[in-house]
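J.: Provided herewith: coords.cif, mmCIF, C-alpha atoms and all ligand atoms.
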data_structure
#
loop_
_atom_site.label_atom_id
_atom_site.label_comp_id
_atom_site.auth_asym_id
_atom_site.auth_seq_id
_atom_site.Cartn_x
_atom_site.Cartn_y
_atom_site.Cartn_z
CA MET A 1 117.35 95.39 152.61
CA THR A 2 118.01 98.14 150.05
CA ALA A 3 115.76 98.60 147.02
CA ALA A 4 117.16 97.25 143.74
CA ALA A 5 118.78 99.99 141.63
CA PRO A 6 116.77 100.88 138.51
CA ASP A 7 118.02 99.10 135.38
CA PRO A 8 119.41 101.84 133.06
CA ALA A 9 118.74 99.57 130.07
CA GLN A 10 115.02 99.63 130.81
CA PRO A 11 112.81 102.69 130.30
CA ARG A 12 111.36 104.28 133.43
CA ARG A 13 107.74 103.52 134.27
CA ASP A 14 107.44 105.75 137.33
CA TRP A 15 106.80 109.05 135.54
CA THR A 16 104.76 111.67 137.38
CA PHE A 17 102.34 114.26 136.00
CA ALA A 18 104.65 117.07 137.16
CA GLU A 19 107.66 115.58 135.37
CA ILE A 20 105.77 115.23 132.09
CA GLU A 21 104.36 118.74 132.47
CA ALA A 22 107.90 120.05 132.97
CA LEU A 23 108.95 118.43 129.68
CA PHE A 24 106.10 120.18 127.83
CA ASP A 25 107.18 123.46 129.47
CA LEU A 26 110.78 123.25 128.17
CA PRO A 27 111.80 125.79 125.53
CA PHE A 28 110.81 124.23 122.18
CA THR A 29 114.33 123.77 120.81
CA GLU A 30 115.59 122.33 124.10
CA LEU A 31 112.73 119.80 124.12
CA LEU A 32 113.48 118.80 120.54
CA PHE A 33 117.19 118.48 121.26
CA ARG A 34 116.55 116.18 124.21
CA ALA A 35 114.02 114.09 122.30
CA ALA A 36 116.38 113.77 119.32
CA GLU A 37 119.15 112.66 121.67
CA VAL A 38 116.99 109.97 123.26
CA HIS A 39 115.76 108.88 119.82
CA ARG A 40 119.39 108.22 118.80
CA ARG A 41 120.08 106.25 121.96
CA TRP A 42 117.47 103.61 121.10
CA PHE A 43 116.97 103.81 117.32
CA ASP A 44 118.69 104.61 114.05
CA PRO A 45 117.15 108.08 113.42
CA GLY A 46 117.39 107.52 109.66
CA GLU A 47 114.82 104.73 109.82
CA VAL A 48 111.03 104.84 109.66
CA GLN A 49 108.68 101.91 110.25
CA ILE A 50 106.06 101.68 107.49
CA SER A 51 102.51 100.44 108.14
CA GLN A 52 99.41 100.31 105.98
CA LEU A 53 95.77 100.19 107.07
CA LEU A 54 92.73 98.46 105.66
CA SER A 55 89.18 98.82 106.94
CA ILE A 56 87.94 95.21 106.86
CA LYS A 57 84.52 96.22 108.26
CA THR A 58 83.41 99.81 107.84
CA GLY A 59 80.79 101.89 109.65
CA GLY A 60 77.68 101.06 111.66
CA CYS A 61 79.64 100.94 114.93
CA PRO A 62 77.57 100.94 118.15
CA GLU A 63 80.16 103.05 120.03
CA ASP A 64 79.79 106.85 120.18
CA CYS A 65 83.42 108.02 119.87
CA GLY A 66 82.89 111.70 119.09
CA TYR A 67 85.76 111.85 116.60
CA CYS A 68 84.78 108.89 114.46
CA ALA A 69 83.15 108.76 111.02
CA GLN A 70 82.10 105.16 111.65
CA SER A 71 79.80 105.54 114.66
CA GLN A 72 76.14 104.77 113.97
CA HIS A 73 75.21 107.54 116.43
CA PHE A 74 76.14 110.30 113.96
CA GLU A 75 75.11 111.23 110.40
CA THR A 76 78.51 111.23 108.71
CA GLY A 77 77.34 110.05 105.30
CA LEU A 78 79.55 106.94 105.50
CA LYS A 79 78.15 103.75 103.96
CA ALA A 80 78.41 100.74 106.28
CA THR A 81 79.80 97.49 104.83
CA LYS A 82 79.93 93.85 105.90
CA LEU A 83 83.12 92.11 107.00
CA MET A 84 85.32 91.66 103.91
CA GLU A 85 86.13 88.27 102.46
CA VAL A 86 89.46 86.70 103.42
CA GLU A 87 90.82 86.51 99.86
CA ALA A 88 90.04 90.20 99.22
CA VAL A 89 91.92 91.22 102.38
CA ILE A 90 94.95 89.13 101.41
CA ALA A 91 94.94 90.68 97.94
CA GLU A 92 94.96 94.18 99.49
CA ALA A 93 97.81 93.15 101.79
CA ALA A 94 99.84 91.87 98.83
CA GLN A 95 99.42 95.25 97.14
CA ALA A 96 100.44 97.04 100.34
CA LYS A 97 103.59 94.90 100.52
CA ALA A 98 104.40 95.68 96.89
CA GLY A 99 104.01 99.37 97.77
CA GLY A 100 106.60 99.09 100.55
CA ALA A 101 104.50 98.41 103.67
CA GLN A 102 106.15 96.34 106.38
CA ARG A 103 103.09 95.92 108.60
CA PHE A 104 99.46 95.50 107.57
CA CYS A 105 96.82 96.66 110.03
CA MET A 106 93.25 95.42 109.72
CA GLY A 107 90.64 97.66 111.34
CA ALA A 108 87.00 96.90 112.08
CA ALA A 109 84.27 99.28 113.27
CA TRP A 110 83.29 97.04 116.14
CA ARG A 111 82.76 97.61 119.85
CA ASP A 112 84.21 94.15 120.46
CA LEU A 113 85.20 91.06 118.54
CA LYS A 114 82.38 88.50 118.29
CA ASP A 115 83.32 84.83 118.62
CA ARG A 116 81.41 84.11 115.39
CA ASP A 117 83.77 86.43 113.46
CA THR A 118 86.98 85.19 115.06
CA PRO A 119 87.72 82.29 112.65
CA LYS A 120 87.40 84.59 109.62
CA VAL A 121 89.60 87.28 111.16
CA ALA A 122 92.10 84.57 112.18
CA ALA A 123 92.21 83.38 108.56
CA MET A 124 92.91 86.95 107.40
CA ILE A 125 95.75 87.27 109.92
CA ALA A 126 97.26 83.93 108.89
CA GLY A 127 97.01 84.86 105.20
CA VAL A 128 98.63 88.27 105.67
CA LYS A 129 101.38 86.76 107.81
CA GLY A 130 101.94 84.19 105.06
CA LEU A 131 102.85 87.03 102.69
CA GLY A 132 105.78 87.90 104.96
CA LEU A 133 104.17 91.01 106.42
CA GLU A 134 103.92 91.91 110.08
CA THR A 135 100.30 91.69 111.16
CA CYS A 136 98.26 94.14 113.22
CA ALA A 137 94.55 94.31 113.98
CA THR A 138 92.23 96.76 115.69
CA LEU A 139 88.85 95.19 116.34
CA GLY A 140 87.62 96.79 119.58
CA MET A 141 87.57 95.00 122.92
CA LEU A 142 88.96 91.47 123.20
CA THR A 143 88.58 88.78 125.84
CA ALA A 144 91.66 86.86 126.98
CA PRO A 145 90.71 83.70 124.97
CA GLN A 146 90.10 85.81 121.84
CA ALA A 147 93.50 87.47 122.24
CA ARG A 148 95.10 84.01 122.49
CA ALA A 149 93.25 82.85 119.36
CA LEU A 150 94.51 85.87 117.39
CA LYS A 151 98.05 85.28 118.64
CA ALA A 152 97.83 81.63 117.53
CA ALA A 153 96.73 82.82 114.06
CA GLY A 154 99.92 84.90 113.76
CA LEU A 155 98.97 88.32 115.12
CA ASP A 156 102.05 90.41 115.90
CA TYR A 157 100.44 93.68 117.10
CA TYR A 158 97.06 94.75 118.44
CA ASN A 159 96.06 98.42 118.23
CA HIS A 160 93.82 99.67 121.01
CA ASN A 161 94.11 103.38 121.77
CA LEU A 162 93.44 105.15 125.05
CA ASP A 163 92.63 108.15 122.83
CA THR A 164 92.98 110.90 125.48
CA GLY A 165 93.63 111.51 129.18
CA PRO A 166 91.22 109.89 131.67
CA ASP A 167 89.60 113.21 132.66
CA TYR A 168 88.60 114.18 129.11
CA TYR A 169 87.56 110.65 128.14
CA GLU A 170 83.86 111.02 128.97
CA LYS A 171 83.67 114.10 126.72
CA VAL A 172 84.90 111.89 123.88
CA VAL A 173 83.07 108.58 124.35
CA THR A 174 80.30 107.48 126.71
CA THR A 175 79.67 103.89 125.59
CA ARG A 176 82.78 102.41 127.24
CA THR A 177 85.11 103.20 130.12
CA TYR A 178 88.82 103.88 130.31
CA GLN A 179 89.14 100.78 132.47
CA GLU A 180 87.64 98.62 129.69
CA ARG A 181 90.38 99.88 127.35
CA LEU A 182 93.03 99.02 129.96
CA ASP A 183 91.51 95.54 130.42
CA THR A 184 91.78 94.75 126.71
CA LEU A 185 95.37 96.01 126.69
CA ALA A 186 96.13 93.63 129.57
CA ALA A 187 94.54 90.69 127.71
CA VAL A 188 96.60 91.51 124.60
CA ARG A 189 99.81 91.75 126.62
CA ALA A 190 99.05 88.49 128.47
CA ALA A 191 98.57 86.69 125.14
CA GLY A 192 102.10 87.73 124.08
CA ILE A 193 100.93 90.12 121.35
CA SER A 194 102.84 93.42 120.99
CA VAL A 195 100.80 96.44 122.03
CA CYS A 196 100.07 99.42 119.76
CA CYS A 197 98.47 102.09 121.91
CA GLY A 198 98.32 105.87 121.71
CA GLY A 199 95.75 108.56 121.18
CA ILE A 200 94.34 111.52 119.30
CA VAL A 201 94.99 115.23 119.69
CA GLY A 202 93.07 118.16 118.24
CA MET A 203 89.78 117.10 119.86
CA GLY A 204 89.42 120.22 122.03
CA GLU A 205 91.46 118.67 124.85
CA THR A 206 93.83 120.75 126.99
CA ARG A 207 97.53 120.21 127.51
CA THR A 208 96.59 118.70 130.88
CA ASP A 209 94.62 116.02 129.02
CA ARG A 210 97.52 115.37 126.67
CA ILE A 211 99.86 115.01 129.67
CA GLY A 212 97.24 112.68 131.22
CA LEU A 213 97.33 110.44 128.14
CA LEU A 214 101.14 110.25 128.06
CA LEU A 215 101.21 109.61 131.82
CA GLN A 216 98.90 106.61 131.32
CA LEU A 217 101.02 105.24 128.48
CA ALA A 218 104.33 105.79 130.29
CA THR A 219 103.11 104.05 133.47
CA LEU A 220 101.50 100.97 131.87
CA PRO A 221 102.90 97.65 133.16
CA ALA A 222 105.03 97.68 129.98
CA HIS A 223 105.36 100.50 127.46
CA PRO A 224 103.53 99.97 124.15
CA GLU A 225 105.86 98.69 121.43
CA SER A 226 104.06 101.04 119.04
CA LEU A 227 102.72 104.45 120.09
CA PRO A 228 100.51 106.22 117.54
CA ILE A 229 99.80 109.93 117.88
CA ASN A 230 96.86 110.82 115.66
CA ASP A 231 95.92 114.38 114.73
CA LEU A 232 92.14 114.45 114.44
CA MET A 233 90.84 113.85 110.93
CA PRO A 234 87.60 115.85 111.14
CA ALA A 235 84.66 113.65 110.10
CA PRO A 236 81.79 115.96 109.11
CA GLY A 237 78.77 115.07 111.28
CA ALA A 238 80.85 113.71 114.19
CA PRO A 239 80.50 115.94 117.29
CA LEU A 240 84.23 116.63 117.67
CA ALA A 241 84.76 117.45 113.99
CA GLY A 242 84.49 121.18 114.68
CA SER A 243 87.21 121.21 117.38
CA ALA A 244 89.81 123.95 117.09
CA PRO A 245 92.89 122.41 115.41
CA ILE A 246 95.91 121.85 117.65
CA ASP A 247 98.75 124.34 117.25
CA PRO A 248 101.37 122.62 115.05
CA LEU A 249 104.21 123.28 117.52
CA GLU A 250 102.11 121.78 120.32
CA PHE A 251 101.67 118.70 118.10
CA VAL A 252 105.47 118.45 117.75
CA ARG A 253 105.81 118.83 121.52
CA MET A 254 103.40 115.90 121.95
CA ILE A 255 105.60 113.72 119.73
CA ALA A 256 108.79 114.84 121.52
CA VAL A 257 107.40 114.16 124.99
CA ALA A 258 106.08 110.76 123.85
CA ARG A 259 109.61 109.96 122.65
CA LEU A 260 111.11 111.03 125.99
CA VAL A 261 108.70 109.17 128.28
CA CYS A 262 108.49 105.99 126.16
CA PRO A 263 112.01 105.96 124.69
CA LYS A 264 111.92 102.42 123.27
CA SER A 265 108.46 102.72 121.69
CA VAL A 266 108.12 103.22 117.97
CA VAL A 267 106.23 106.53 117.86
CA ARG A 268 103.89 106.76 114.88
CA LEU A 269 103.09 110.05 113.19
CA SER A 270 99.69 108.61 112.53
CA ALA A 271 96.43 110.16 111.20
CA GLY A 272 96.53 113.77 110.08
CA ARG A 273 99.64 113.86 107.85
CA GLU A 274 97.32 114.66 104.96
CA HIS A 275 96.95 118.20 106.31
CA MET A 276 100.57 118.62 107.51
CA SER A 277 103.31 120.38 105.56
CA LYS A 278 106.51 118.48 104.85
CA GLU A 279 108.32 120.90 107.19
CA LEU A 280 105.97 120.02 110.05
CA GLN A 281 106.43 116.30 109.39
CA ALA A 282 110.22 116.84 109.31
CA LEU A 283 110.01 118.45 112.77
CA CYS A 284 108.02 115.43 113.99
CA PHE A 285 110.74 113.05 112.75
CA LEU A 286 113.37 115.23 114.44
CA ALA A 287 111.27 115.07 117.63
CA GLY A 288 111.44 111.26 117.55
CA ALA A 289 108.58 110.03 115.38
CA ASN A 290 109.75 106.91 113.54
CA SER A 291 106.71 105.36 111.93
CA ILE A 292 104.03 106.38 109.43
CA PHE A 293 101.01 104.95 107.67
CA VAL A 294 101.38 104.81 103.90
CA GLY A 295 98.68 104.38 101.27
CA ALA A 296 96.24 106.99 100.01
CA LYS A 297 93.61 105.97 102.58
CA LEU A 298 93.73 105.41 106.34
CA LEU A 299 90.52 103.60 107.36
CA THR A 300 87.90 105.94 105.93
CA THR A 301 89.81 109.20 105.49
CA ARG A 302 92.60 110.43 103.28
CA ASN A 303 96.34 110.00 103.71
CA PRO A 304 99.05 111.50 101.48
CA GLU A 305 99.42 109.91 98.03
CA PRO A 306 102.19 107.25 97.88
CA SER A 307 104.19 109.33 95.39
CA GLN A 308 104.10 112.27 97.84
CA ASP A 309 105.38 110.06 100.68
CA GLU A 310 108.14 108.58 98.54
CA ARG A 311 109.25 112.13 97.84
CA LEU A 312 109.00 113.11 101.51
CA LEU A 313 111.19 110.21 102.67
CA ALA A 314 113.69 110.82 99.87
CA ASP A 315 113.86 114.56 100.63
CA LEU A 316 114.50 113.83 104.31
CA GLY A 317 116.93 110.96 103.65
CA LEU A 318 114.79 108.53 105.62
CA ARG A 319 114.60 104.81 104.80
CA PRO A 320 112.33 101.95 105.80
CA MET A 321 113.22 100.40 109.15
CA GLY A 322 115.51 97.39 108.92
CA GLU A 323 116.20 97.81 105.20
CA ARG A 324 119.96 98.22 105.61
CA ALA A 325 120.19 95.16 107.89
CA ALA A 326 118.13 93.14 105.39
CA MET A 327 120.57 94.04 102.56
CA ALA A 328 123.69 93.23 104.59
N1 LIG A 401 86.73 100.14 116.59
C1 LIG A 401 88.00 99.85 117.10
C2 LIG A 401 88.43 100.75 118.24
O1 LIG A 401 87.95 101.87 118.32
O2 LIG A 401 89.26 100.33 119.02
C3 LIG A 401 89.10 99.86 116.04
C4 LIG A 401 89.06 100.89 114.94
S1 LIG A 401 89.19 102.60 115.45
C5 LIG A 401 88.81 103.47 113.99
C6 LIG A 401 90.95 102.80 115.73
C7 LIG A 401 91.45 104.11 116.24
O3 LIG A 401 91.47 105.07 115.21
C8 LIG A 401 90.64 104.80 117.32
O4 LIG A 401 90.91 104.28 118.58
C9 LIG A 401 91.11 106.24 117.22
O5 LIG A 401 92.20 106.47 118.10
C10 LIG A 401 91.56 106.36 115.77
N2 LIG A 401 90.67 107.25 115.02
C11 LIG A 401 89.41 106.99 114.66
N3 LIG A 401 88.86 108.03 113.99
C12 LIG A 401 89.81 108.99 113.94
C13 LIG A 401 89.84 110.30 113.39
N4 LIG A 401 88.78 110.84 112.79
N5 LIG A 401 90.99 111.01 113.50
C14 LIG A 401 92.06 110.46 114.13
N6 LIG A 401 92.08 109.23 114.66
C15 LIG A 401 90.96 108.50 114.58
C1 LIG A 402 95.67 104.52 114.96
O1 LIG A 402 96.14 104.96 116.03
N1 LIG A 402 95.28 105.27 113.95
C2 LIG A 402 94.75 104.47 112.90
C3 LIG A 402 94.94 103.03 113.43
N2 LIG A 402 95.47 103.25 114.72
C4 LIG A 402 93.82 102.10 113.43
C5 LIG A 402 93.38 104.86 112.51
C6 LIG A 402 93.30 106.27 112.00
C7 LIG A 402 91.91 106.49 111.54
C8 LIG A 402 91.72 107.83 110.95
C9 LIG A 402 90.31 108.08 110.59
C10 LIG A 402 89.77 107.23 109.49
O2 LIG A 402 90.44 106.99 108.46
O3 LIG A 402 88.60 106.84 109.61
FE1 LIG A 403 83.61 102.42 116.66
FE2 LIG A 403 86.26 102.40 116.82
FE3 LIG A 403 84.97 104.43 115.59
FE4 LIG A 403 84.81 104.20 118.22
S1 LIG A 403 86.69 104.57 117.02
S2 LIG A 403 83.11 104.57 116.81
S3 LIG A 403 84.84 101.98 118.48
S4 LIG A 403 85.05 102.31 114.95
#
Would you mind writing the file out in structure tokens?
T.:
Amino acid sequence: MTAAAPDPAQPRRDWTFAEIEALFDLPFTELLFRAAEVHRRWFDPGEVQISQLLSIKTGGCPEDCGYCAQSQHFETGLKATKLMEVEAVIAEAAQAKAGGAQRFCMGAAWRDLKDRDTPKVAAMIAGVKGLGLETCATLGMLTAPQARALKAAGLDYYNHNLDTGPDYYEKVVTTRTYQERLDTLAAVRAAGISVCCGGIVGMGETRTDRIGLLLQLATLPAHPESLPINDLMPAPGAPLAGSAPIDPLEFVRMIAVARLVCPKSVVRLSAGREHMSKELQALCFLAGANSIFVGAKLLTTRNPEPSQDERLLADLGLRPMGERAAMA
């Protein structure tokens, strides 16, 4: 019996380290050209998906992620808060929608979701969904029944990042394993929730670690529907805050290679735009990024002002994803 031919309509999931390394090694303009070509094959390159974040429970997190302002292991000066009230979250989501957000992502500084908090979070999800927004949450680890409960409440996406390559992971966080991240991703996928999974660069990792992260993402049982690439937002007091910043062209390469290895994923130019020039962001869109966070705040750190982002999208001739279809 001969093996079934690969389906050209489906993205490859058999990438190797050497193949991804070879993409990084391409001359910069050749890499961008290829990524831009693939971007056009799967998406309208004039469109950008627009998400907005809200921290529904800030700080005091028991995990020790070395990049994070919200870990209780470090003195970052951040004030911890309790889980927000449902009505307050829905009011913030309504404002986000009025400001042009298509998806509303609720983030909590938790290691894992507690069953006692699930009904309240489910009510937030149902309320946000009721406004006509796509819903996303990032609440730490989930069990399979919790993932099903969130799906039943109307959760469209779950964000759970692998953060970096497996070899660098223990330099970044010691309170959980890579495998635990993969287990939550499997529970999310099994519940029928779309997966938002990516990582962070600029944490002192090497290109080998960045290739390691993309290799993991590109060989998951299914590619993430949403793939955020975050540039570290240094949180004073967090151990990785003093990492040497990533070279801007290397950041663009990371976006371009993500686009090539996960061609159908919506690649988000995620945290870090606040310190990026509009020219650098333009290169990222050319390299295949097609999503951003809007709103002056991410979870705890700054994002560009809405007026600045409106200007950016207008200057680049980019429009919100699906807007043209919605008007037709
Ligand atoms: N506590 C949950 C977790 O870690 O899965 C959800 C919230 S956590 C803040 C969501 C993601 O934000 C992290 O996985 C990490 O990739 C990203 N992140 C956190 N702090 C960051 C920073 N200072 N710069 C860039 N990305 C960051
Ligand atoms: C993701 O990949 N990036 C977002 C979202 N998913 C949850 C978080 C960025 C956080 C940046 C640091 C902060 O604001 O605390
Ligand atoms: Fe906690 Fe998430 Fe921050 Fe890690 S990234 S310390 S799990 S809030």
J.: Per residue of chain A within 8 Å of ligand LIG 402 (chain A), what are the shortest atom pair and its distance in Å to one decimal, counting all atoms listed in the file, with rows by chain and residue number, as a Markdown table?
T.:
| residue | atom | partner | partner_atom | distance |
| --- | --- | --- | --- | --- |
| A:Leu53 | CA | A:LIG402 | C4 | 6.9 |
| A:Cys68 | CA | A:LIG402 | O3 | 6.5 |
| A:Ala69 | CA | A:LIG402 | O3 | 5.9 |
| A:Gln70 | CA | A:LIG402 | O3 | 7.0 |
| A:Cys105 | CA | A:LIG402 | C4 | 7.1 |
| A:Met106 | CA | A:LIG402 | C4 | 7.7 |
| A:Gly107 | CA | A:LIG402 | C4 | 5.8 |
| A:Ala137 | CA | A:LIG402 | C4 | 7.8 |
| A:Thr138 | CA | A:LIG402 | C4 | 6.0 |
| A:Asn159 | CA | A:LIG402 | N2 | 6.0 |
| A:His160 | CA | A:LIG402 | N2 | 7.4 |
| A:Asn161 | CA | A:LIG402 | O1 | 6.3 |
| A:Cys196 | CA | A:LIG402 | O1 | 7.7 |
| A:Cys197 | CA | A:LIG402 | O1 | 6.9 |
| A:Gly198 | CA | A:LIG402 | O1 | 6.2 |
| A:Gly199 | CA | A:LIG402 | O1 | 6.3 |
| A:Ile200 | CA | A:LIG402 | O1 | 7.5 |
| A:Leu227 | CA | A:LIG402 | O1 | 7.7 |
| A:Pro228 | CA | A:LIG402 | O1 | 4.8 |
| A:Ile229 | CA | A:LIG402 | O1 | 6.4 |
| A:Asn230 | CA | A:LIG402 | O1 | 5.9 |
| A:Leu232 | CA | A:LIG402 | C8 | 7.5 |
| A:Met233 | CA | A:LIG402 | C9 | 5.8 |
| A:Ala235 | CA | A:LIG402 | O3 | 7.9 |
| A:Ser270 | CA | A:LIG402 | N1 | 5.7 |
| A:Ala271 | CA | A:LIG402 | C6 | 5.1 |
| A:Gly272 | CA | A:LIG402 | C8 | 7.7 |
| A:Lys297 | CA | A:LIG402 | O2 | 6.8 |
| A:Leu298 | CA | A:LIG402 | O2 | 4.2 |
| A:Leu299 | CA | A:LIG402 | O2 | 3.6 |
| A:Thr300 | CA | A:LIG402 | O2 | 3.7 |
| A:Thr301 | CA | A:LIG402 | O2 | 3.8 |
| A:Arg302 | CA | A:LIG402 | O2 | 6.6 |
J.: Report, in Å to a single decimal, how far apart CA of Pro320 in chain A and CA of Ser265 in chain A are.
T.: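 These two atoms are separated by 16.4 Å.
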J.: Go ahead and fit an axis-aligned box to every listed atom of ligand LIG 403 (chain A) plus 4 Å each side, and pass me the centre and edge lengths in Å, one decimal, as AutoDock Vina command-line options.
T.:
--center_x 84.9 --center_y 103.3 --center_z 116.7 --size_x 11.6 --size_y 10.6 --size_z 11.5
J.: Please, which residues have at least one atom within 7 Å of an atom of ligand LIG 403 (chain A), using all atoms listed in the file, listed as a short mmCIF file (atom, residue, chain, number, x, y, z; two decimals) with C-alpha atoms, keeping the file's coordinate frame?
T.:
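Listing of part00.cif after writing:
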data_model
loop_
_atom_site.label_atom_id
_atom_site.label_comp_id
_atom_site.auth_asym_id
_atom_site.auth_seq_id
_atom_site.Cartn_x
_atom_site.Cartn_y
_atom_site.Cartn_z
CA GLY A 59 80.79 101.89 109.65
CA CYS A 61 79.64 100.94 114.93
CA PRO A 62 77.57 100.94 118.15
CA GLU A 63 80.16 103.05 120.03
CA ASP A 64 79.79 106.85 120.18
CA CYS A 65 83.42 108.02 119.87
CA CYS A 68 84.78 108.89 114.46
CA ALA A 69 83.15 108.76 111.02
CA GLN A 70 82.10 105.16 111.65
CA SER A 71 79.80 105.54 114.66
CA ALA A 108 87.00 96.90 112.08
CA ALA A 109 84.27 99.28 113.27
CA TRP A 110 83.29 97.04 116.14
CA ARG A 111 82.76 97.61 119.85
CA GLY A 140 87.62 96.79 119.58
#
J.: Please build the interface table for range 207-229 of chain A against range 179-193 of chain A with a cut-off of 9 Å, listing for each qualifying residue the nearest atom pair and the distance in Å to one decimal; count all atoms listed in the file, order rows by chain and increasing number, and write it as a tab-separated table.
T.:
residue	atom	partner	partner_atom	distance
A:Leu220	CA	A:Leu182	CA	8.9
A:Pro221	CA	A:Ala186	CA	8.7
A:Ala222	CA	A:Arg189	CA	8.6
J.: Provide the CA of Gln72 in chain A to CA of Ser226 in chain A distance in Å, to one decimal place.
T.: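 It comes out at 28.6 Å.
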J.: Nearest residue to ligand LIG 401 (chain A) out of A:Asp309, A:Asp112, A:Asp117, A:Asp315, using only C-alpha atoms and all ligand atoms?
T.: A:Asp112
J.: What does the distance from CA of Arg324 in chain A to CA of Tyr157 in chain A come to in Å, to one decimal?
T.: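 CA of Arg324 in chain A sits 23.1 Å away from CA of Tyr157 in chain A.
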